[in-house]
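Asker: Below you'll find structure_30.pdb; it's PDB, C-alpha atoms and all ligand atoms.
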```pdb
ATOM      1  CA  MET O   1       0.000   0.000   0.000
ATOM      2  CA  GLY O   2       1.337   3.394  -0.930
ATOM      3  CA  TYR O   3       1.243   6.689   0.890
ATOM      4  CA  ALA O   4       0.269  10.075  -0.473
ATOM      5  CA  CYS O   5       2.247  13.280  -0.130
ATOM      6  CA  PRO O   6       0.618  15.391   2.613
ATOM      7  CA  ARG O   7       1.340  18.540   0.606
ATOM      8  CA  ASP O   8       0.201  17.759  -2.902
ATOM      9  CA  GLY O   9      -1.366  14.298  -2.777
ATOM     10  CA  SER O  10       1.139  12.715  -5.172
ATOM     11  CA  ALA O  11       1.972   9.082  -4.540
ATOM     12  CA  LEU O  12       5.106   8.884  -2.438
ATOM     13  CA  VAL O  13       7.918   6.753  -3.808
ATOM     14  CA  SER O  14       8.632   4.019  -1.309
ATOM     15  CA  PRO O  15      12.245   3.327  -0.354
ATOM     16  CA  GLU O  16      12.066  -0.092  -1.996
ATOM     17  CA  ASP O  17      11.027   1.440  -5.306
ATOM     18  CA  SER O  18      13.543   4.234  -5.204
ATOM     19  CA  ASP O  19      16.489   4.132  -7.574
ATOM     20  CA  ARG O  20      18.400   6.421  -5.271
ATOM     21  CA  SER O  21      20.466   4.525  -2.772
ATOM     22  CA  THR O  22      20.297   7.214  -0.114
ATOM     23  CA  PHE O  23      16.526   6.972   0.082
ATOM     24  CA  SER O  24      16.608   3.182   0.322
ATOM     25  CA  ARG O  25      19.320   3.264   2.936
ATOM     26  CA  LEU O  26      17.453   5.805   5.039
ATOM     27  CA  GLY O  27      14.092   4.144   4.481
ATOM     28  CA  VAL O  28      12.695   7.490   3.403
ATOM     29  CA  HIS O  29       9.541   7.831   1.317
ATOM     30  CA  HIS O  30       9.872  10.808  -0.971
ATOM     31  CA  CYS O  31       7.659  12.860  -3.233
ATOM     32  CA  ASP O  32       8.824  13.325  -6.812
ATOM     33  CA  ALA O  33       6.533  16.337  -7.182
ATOM     34  CA  CYS O  34       7.701  18.505  -4.277
ATOM     35  CA  SER O  35      10.812  16.578  -3.126
ATOM     36  CA  GLY O  36       9.441  16.396   0.422
ATOM     37  CA  MET O  37      10.510  13.437   2.528
ATOM     38  CA  LEU O  38       8.616  11.237   4.940
ATOM     39  CA  LEU O  39      10.563   9.548   7.694
ATOM     40  CA  SER O  40       8.437   6.905   9.370
ATOM     41  CA  ALA O  41       9.161   5.822  12.915
ATOM     42  CA  ASP O  42      10.518   2.520  11.626
ATOM     43  CA  ALA O  43      12.795   4.253   9.186
ATOM     44  CA  ALA O  44      13.793   6.798  11.772
ATOM     45  CA  LEU O  45      14.951   4.054  14.085
ATOM     46  CA  SER O  46      17.483   2.940  11.536
ATOM     47  CA  THR O  47      18.694   6.500  11.031
ATOM     48  CA  ILE O  48      18.384   8.041  14.466
ATOM     49  CA  SER O  49      19.144   6.338  17.730
ATOM     50  CA  GLN O  50      16.103   5.332  19.724
ATOM     51  CA  ASP O  51      16.822   7.895  22.447
ATOM     52  CA  ARG O  52      17.007  10.714  19.964
ATOM     53  CA  LEU O  53      13.866   9.577  18.224
ATOM     54  CA  HIS O  54      11.988   9.500  21.526
ATOM     55  CA  GLN O  55      13.237  12.957  22.385
ATOM     56  CA  MET O  56      11.917  14.246  19.077
ATOM     57  CA  HIS O  57       8.630  12.409  19.359
ATOM     58  CA  GLU O  58       8.001  13.526  22.947
ATOM     59  CA  SER O  59       8.291  17.140  21.950
ATOM     60  CA  PHE O  60       5.359  16.613  19.630
ATOM     61  CA  GLU O  61       3.313  14.655  22.165
ATOM     62  CA  GLN O  62       3.564  16.774  25.300
ATOM     63  CA  ASP O  63       2.907  20.432  24.656
ATOM     64  CA  GLY O  64       2.580  19.584  21.063
ATOM     65  CA  GLY O  65       3.566  22.575  19.028
ATOM     66  CA  ALA O  66       1.061  24.058  16.641
ATOM     67  CA  GLU O  67      -1.304  21.891  14.691
ATOM     68  CA  VAL O  68      -0.703  22.165  10.965
ATOM     69  CA  ASP O  69      -3.028  21.630   8.098
ATOM     70  CA  ILE O  70      -1.504  18.394   6.929
ATOM     71  CA  ASP O  71      -2.453  14.874   7.858
ATOM     72  CA  CYS O  72       0.028  12.159   8.599
ATOM     73  CA  PRO O  73       0.355  10.008   5.466
ATOM     74  CA  LEU O  74       0.688   6.932   7.656
ATOM     75  CA  CYS O  75      -2.099   7.253  10.200
ATOM     76  CA  ASP O  76      -4.168  10.331   9.220
ATOM     77  CA  SER O  77      -3.540  12.182  12.494
ATOM     78  CA  HIS O  78      -3.152  15.936  12.279
ATOM     79  CA  MET O  79       0.527  16.667  12.199
ATOM     80  CA  ARG O  80       2.140  19.319  14.349
ATOM     81  CA  VAL O  81       5.023  21.635  13.683
ATOM     82  CA  ARG O  82       8.003  22.488  15.850
ATOM     83  CA  LYS O  83      11.231  24.274  15.186
ATOM     84  CA  ILE O  84      14.352  22.220  15.436
ATOM     85  CA  VAL O  85      17.893  23.535  15.624
ATOM     86  CA  PHE O  86      20.869  21.388  14.782
ATOM     87  CA  THR O  87      24.350  22.162  16.055
ATOM     88  CA  ARG O  88      27.204  21.911  13.577
ATOM     89  CA  LEU O  89      30.348  19.955  14.333
ATOM     90  CA  ASP O  90      32.140  23.223  15.102
ATOM     91  CA  GLY O  91      29.575  24.003  17.810
ATOM     92  CA  THR O  92      27.690  26.745  15.986
ATOM     93  CA  GLU O  93      23.950  26.493  15.556
ATOM     94  CA  MET O  94      22.202  26.271  12.220
ATOM     95  CA  ASP O  95      19.138  28.320  11.442
ATOM     96  CA  PRO O  96      16.059  26.680  12.908
ATOM     97  CA  ILE O  97      14.042  24.643  10.468
ATOM     98  CA  GLU O  98      10.433  23.601  10.710
ATOM     99  CA  LEU O  99       9.799  19.967  11.357
ATOM    100  CA  ASP O 100       6.356  18.476  10.916
ATOM    101  CA  GLY O 101       5.770  15.520  13.177
ATOM    102  CA  CYS O 102       2.948  13.098  13.872
ATOM    103  CA  PRO O 103       2.019  12.997  17.565
ATOM    104  CA  THR O 104       0.566   9.516  17.118
ATOM    105  CA  CYS O 105       2.922   7.341  15.102
ATOM    106  CA  ALA O 106       6.150   9.342  15.406
ATOM    107  CA  SER O 107       6.682   9.913  11.730
ATOM    108  CA  PHE O 108       8.232  13.128  10.454
ATOM    109  CA  TRP O 109       7.741  15.131   7.309
ATOM    110  CA  PHE O 110      10.428  17.351   5.821
ATOM    111  CA  ASP O 111       9.523  20.026   3.345
ATOM    112  CA  VAL O 112      12.190  20.462   0.762
ATOM    113  CA  GLY O 113      12.435  24.206   1.406
ATOM    114  CA  GLU O 114      13.373  23.581   5.020
ATOM    115  CA  LEU O 115      16.131  21.167   4.100
ATOM    116  CA  GLN O 116      17.449  23.518   1.456
ATOM    117  CA  ARG O 117      17.946  26.133   4.118
ATOM    118  CA  VAL O 118      20.374  23.967   6.043
ATOM    119  CA  SER O 119      22.023  21.937   3.284
ATOM    120  CA  PRO O 120      25.539  23.074   2.480
ATOM    121  CA  PRO O 121      25.531  25.723  -0.267
ATOM    122  CA  GLU O 122      28.479  24.137  -2.066
ATOM    123  CA  ASN O 123      26.274  21.134  -2.750
ATOM    124  CA  GLY O 124      23.306  23.226  -3.742
ATOM    125  CA  GLY O 125      23.238  21.947  -7.294
ATOM    126  CA  SER O 126      20.446  22.902  -9.579
ATOM    127  CA  ASN O 127      19.336  19.807 -11.441
ATOM    128  CA  GLY O 128      16.437  17.934  -9.892
ATOM    129  CA  GLY O 129      17.636  14.392  -9.322
ATOM    130  CA  THR O 130      20.950  15.439  -7.892
ATOM    131  CA  GLU O 131      19.265  17.936  -5.643
ATOM    132  CA  ALA O 132      16.900  15.362  -4.151
ATOM    133  CA  LYS O 133      19.847  13.119  -3.466
ATOM    134  CA  THR O 134      21.832  15.977  -1.963
ATOM    135  CA  LEU O 135      18.963  16.783   0.360
ATOM    136  CA  ALA O 136      18.612  13.160   1.416
ATOM    137  CA  ILE O 137      22.299  13.126   2.262
ATOM    138  CA  ALA O 138      21.848  16.400   4.153
ATOM    139  CA  LEU O 139      19.012  14.800   6.100
ATOM    140  CA  GLU O 140      21.128  11.795   6.971
ATOM    141  CA  PHE O 141      23.953  14.060   8.089
ATOM    142  CA  LEU O 142      21.655  16.234  10.218
ATOM    143  CA  PHE O 143      20.562  13.313  12.297
ATOM    144  CA  HIS O 144      24.046  12.680  13.493
ATOM    145  CA  LEU O 145      24.242  16.185  14.939
ATOM    146  CA  PRO O 146      23.040  17.331  18.345
ATOM    147  CA  PHE O 147      19.709  19.098  18.151
ATOM    148  CA  ALA O 148      17.277  21.062  20.259
ATOM    149  CA  ILE O 149      13.555  21.430  19.769
ATOM    150  CA  LEU O 150      12.418  25.008  20.275
TER     151      LEU O 150
HETATM  152 ZN    ZN O 201       4.752  16.357  -2.598
HETATM  153 ZN    ZN O 202       1.042   9.288  12.056
END
```
Now that the file is in, can you turn its structure into structure tokens?

Answerer:
Amino acid sequence: MGYACPRDGSALVSPEDSDRSTFSRLGVHHCDACSGMLLSADAALSTISQDRLHQMHESFEQDGGAEVDIDCPLCDSHMRVRKIVFTRLDGTEMDPIELDGCPTCASFWFDVGELQRVSPPENGGSNGGTEAKTLAIALEFLFHLPFAIL
């Protein structure tokens, strides 16, 4: 069974069907239309340590953040939005990006615009396929960095 993009309703490409190794390795569903990425709790566990995942999920459960007008592609719950700040290896903080999270099933949705804001400019290529891959790599990299939920 496939999932639909919460932004534009396009069918999400499942990691198994993806020809891009980064997506398969991360277990990320992605949207070919808007380049958004869905990280399910299962996939997140392979990418993020369980402690970190729980920390992220709890911040959506407790005081919640603001409800956003998108439904979780996995379980149809209203997703919520929080700001998340990653700390670079040199100790400086990146600009906060918006992270949409599902308070029920602990999946996360990344809008491409948010990832573009924190992906390294030297990799900010212009052609579509490469860009999606670059952003997936940026996502993978981000999750090895310390973060704080605002
Ligand atoms: Zn989309
Ligand atoms: Zn959900």

Asker: Considering all atoms listed in the file, can you say which of O:Leu99, O:Cys34, O:Cys75, O:Leu139 comes closest to ligand ZN 201 (chain O)?

Answerer: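 Smallest separation from ligand ZN 201 (chain O) among the options: O:Cys34.
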
Asker: Have a look at atom CA of O:Cys72 and atom CA of O:His57 and let me know their distance in Å, one decimal.

Answerer: 13.8 Å

Asker: Please check which protein, DNA or RNA residues sit within 7 Å of ligand ZN 202 (chain O), counting all atoms listed in the file, and write them as a list in words.

Answerer: Cys72, Pro73, Leu74, Cys75, Asp76, Ser77, Cys102, Pro103, Thr104, Cys105, Ala106 and Ser107 of chain O

Asker: Write the residues of the selection above to a file with C-alpha atoms, as a PDB file, in the frame of the given file.

Answerer:
```pdb
ATOM      1  CA  CYS O  72       0.028  12.159   8.599  1.00  0.00           C
ATOM      2  CA  PRO O  73       0.355  10.008   5.466  1.00  0.00           C
ATOM      3  CA  LEU O  74       0.688   6.932   7.656  1.00  0.00           C
ATOM      4  CA  CYS O  75      -2.099   7.253  10.200  1.00  0.00           C
ATOM      5  CA  ASP O  76      -4.168  10.331   9.220  1.00  0.00           C
ATOM      6  CA  SER O  77      -3.540  12.182  12.494  1.00  0.00           C
ATOM      7  CA  CYS O 102       2.948  13.098  13.872  1.00  0.00           C
ATOM      8  CA  PRO O 103       2.019  12.997  17.565  1.00  0.00           C
ATOM      9  CA  THR O 104       0.566   9.516  17.118  1.00  0.00           C
ATOM     10  CA  CYS O 105       2.922   7.341  15.102  1.00  0.00           C
ATOM     11  CA  ALA O 106       6.150   9.342  15.406  1.00  0.00           C
ATOM     12  CA  SER O 107       6.682   9.913  11.730  1.00  0.00           C
TER      13      SER O 107
END
```

Asker: Calculated over only C-alpha atoms, which of the candidates O:Arg52, O:Lys83, O:Arg7, O:His78 has the smallest distance to O:Glu114?

Answerer: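 Looking only at the distances to O:Glu114, the closest residue turns out to be O:Lys83.
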
Asker: Which residue gives the smallest distance to O:Ser49 among O:Ile149, O:Asp111, O:Ile84, O:Phe143, with all atoms listed in the file counted?

Answerer: O:Phe143

Asker: Calculated over all atoms listed in the file, which of the candidates O:Ser10, O:Ser46, O:Thr87, O:Thr22 has the smallest distance to ligand ZN 201 (chain O)?

Answerer: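 Smallest distance to ligand ZN 201 (chain O) is found for O:Ser10.
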
Asker: Write out as a ChimeraX atom specification which residues come within 10 Å of O:Leu89 when counting all atoms listed in the file, dropping same-chain ones fewer than 6 positions away.

Answerer: /O:144-146

Asker: Got a sec to resolve the PyMOL selection byres (((not hetatm)) within 7 of (chain O and resi 201)) on this structure and send the residues as a list in words?

Answerer: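 That selection, the PyMOL selection byres (((not hetatm)) within 7 of (chain O and resi 201)), comes back as Cys5, Pro6, Arg7, Asp8, Gly9, Ser10, Cys31, Asp32, Ala33, Cys34, Ser35 and Gly36 of chain O.
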
Asker: Go ahead and write the residues just picked, C-alpha atoms, as a PDB file, in the frame of the given file.

Answerer:
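Written output follows (result.pdb):
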```
ATOM      1  CA  CYS O   5       2.247  13.280  -0.130  1.00  0.00           C
ATOM      2  CA  PRO O   6       0.618  15.391   2.613  1.00  0.00           C
ATOM      3  CA  ARG O   7       1.340  18.540   0.606  1.00  0.00           C
ATOM      4  CA  ASP O   8       0.201  17.759  -2.902  1.00  0.00           C
ATOM      5  CA  GLY O   9      -1.366  14.298  -2.777  1.00  0.00           C
ATOM      6  CA  SER O  10       1.139  12.715  -5.172  1.00  0.00           C
ATOM      7  CA  CYS O  31       7.659  12.860  -3.233  1.00  0.00           C
ATOM      8  CA  ASP O  32       8.824  13.325  -6.812  1.00  0.00           C
ATOM      9  CA  ALA O  33       6.533  16.337  -7.182  1.00  0.00           C
ATOM     10  CA  CYS O  34       7.701  18.505  -4.277  1.00  0.00           C
ATOM     11  CA  SER O  35      10.812  16.578  -3.126  1.00  0.00           C
ATOM     12  CA  GLY O  36       9.441  16.396   0.422  1.00  0.00           C
TER      13      GLY O  36
END
```

Asker: Go through the shown structure with the PyMOL selection byres (((chain O and resi 117) around 12) and not hetatm) and write out the matching residues as a count of residues only.

Answerer: 22

Asker: Using all atoms listed in the file, can you list as number ranges by chain the residues within 10 Å of (19.6, 8.1, -1.2)?

Answerer: O: 15, 18-28, 132-137, 139-140

Asker: By how many Å are atom CA of O:Phe141 and atom CA of O:Arg80 apart?

Answerer: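 Going from atom CA of O:Phe141 over to atom CA of O:Arg80, I get 23.3 Å.
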
Asker: So which one's closest to O:Gly2, O:His30, O:Ser14, O:Met56, O:Gly91? Using only C-alpha atoms, please.

Answerer: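 With only C-alpha atoms as the atom set, the closest residue is O:Ser14.
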
Asker: Could you check which of O:Val68, O:Leu45, O:Ser40, O:Asp51 is closest to O:Tyr3, using only C-alpha atoms?

Answerer: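 The shortest atom-to-atom distance to O:Tyr3 comes from O:Ser40.
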
Asker: Given the file shown, determine the residues that the PyMOL selection byres (((chain O and resi 108) around 6) and not hetatm) selects; report them as JSON, numbers by chain.

Answerer: {"O": [38, 39, 100, 101, 107, 109]}

Asker: How many Å lie between atom CA of O:Leu150 and atom CA of O:Glu131, rounded to one decimal?

Answerer: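 These two atoms are separated by 27.7 Å.
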
Asker: Can you sort out the box for stretch 86-102 of chain O, edges along x, y and z, all listed atoms in, 4 Å on every side, with centre and edge lengths in Å to one decimal, as AutoDock Vina command-line options?

Answerer:
```
--center_x 17.5 --center_y 20.7 --center_z 14.1 --size_x 37.2 --size_y 23.2 --size_z 15.3
```
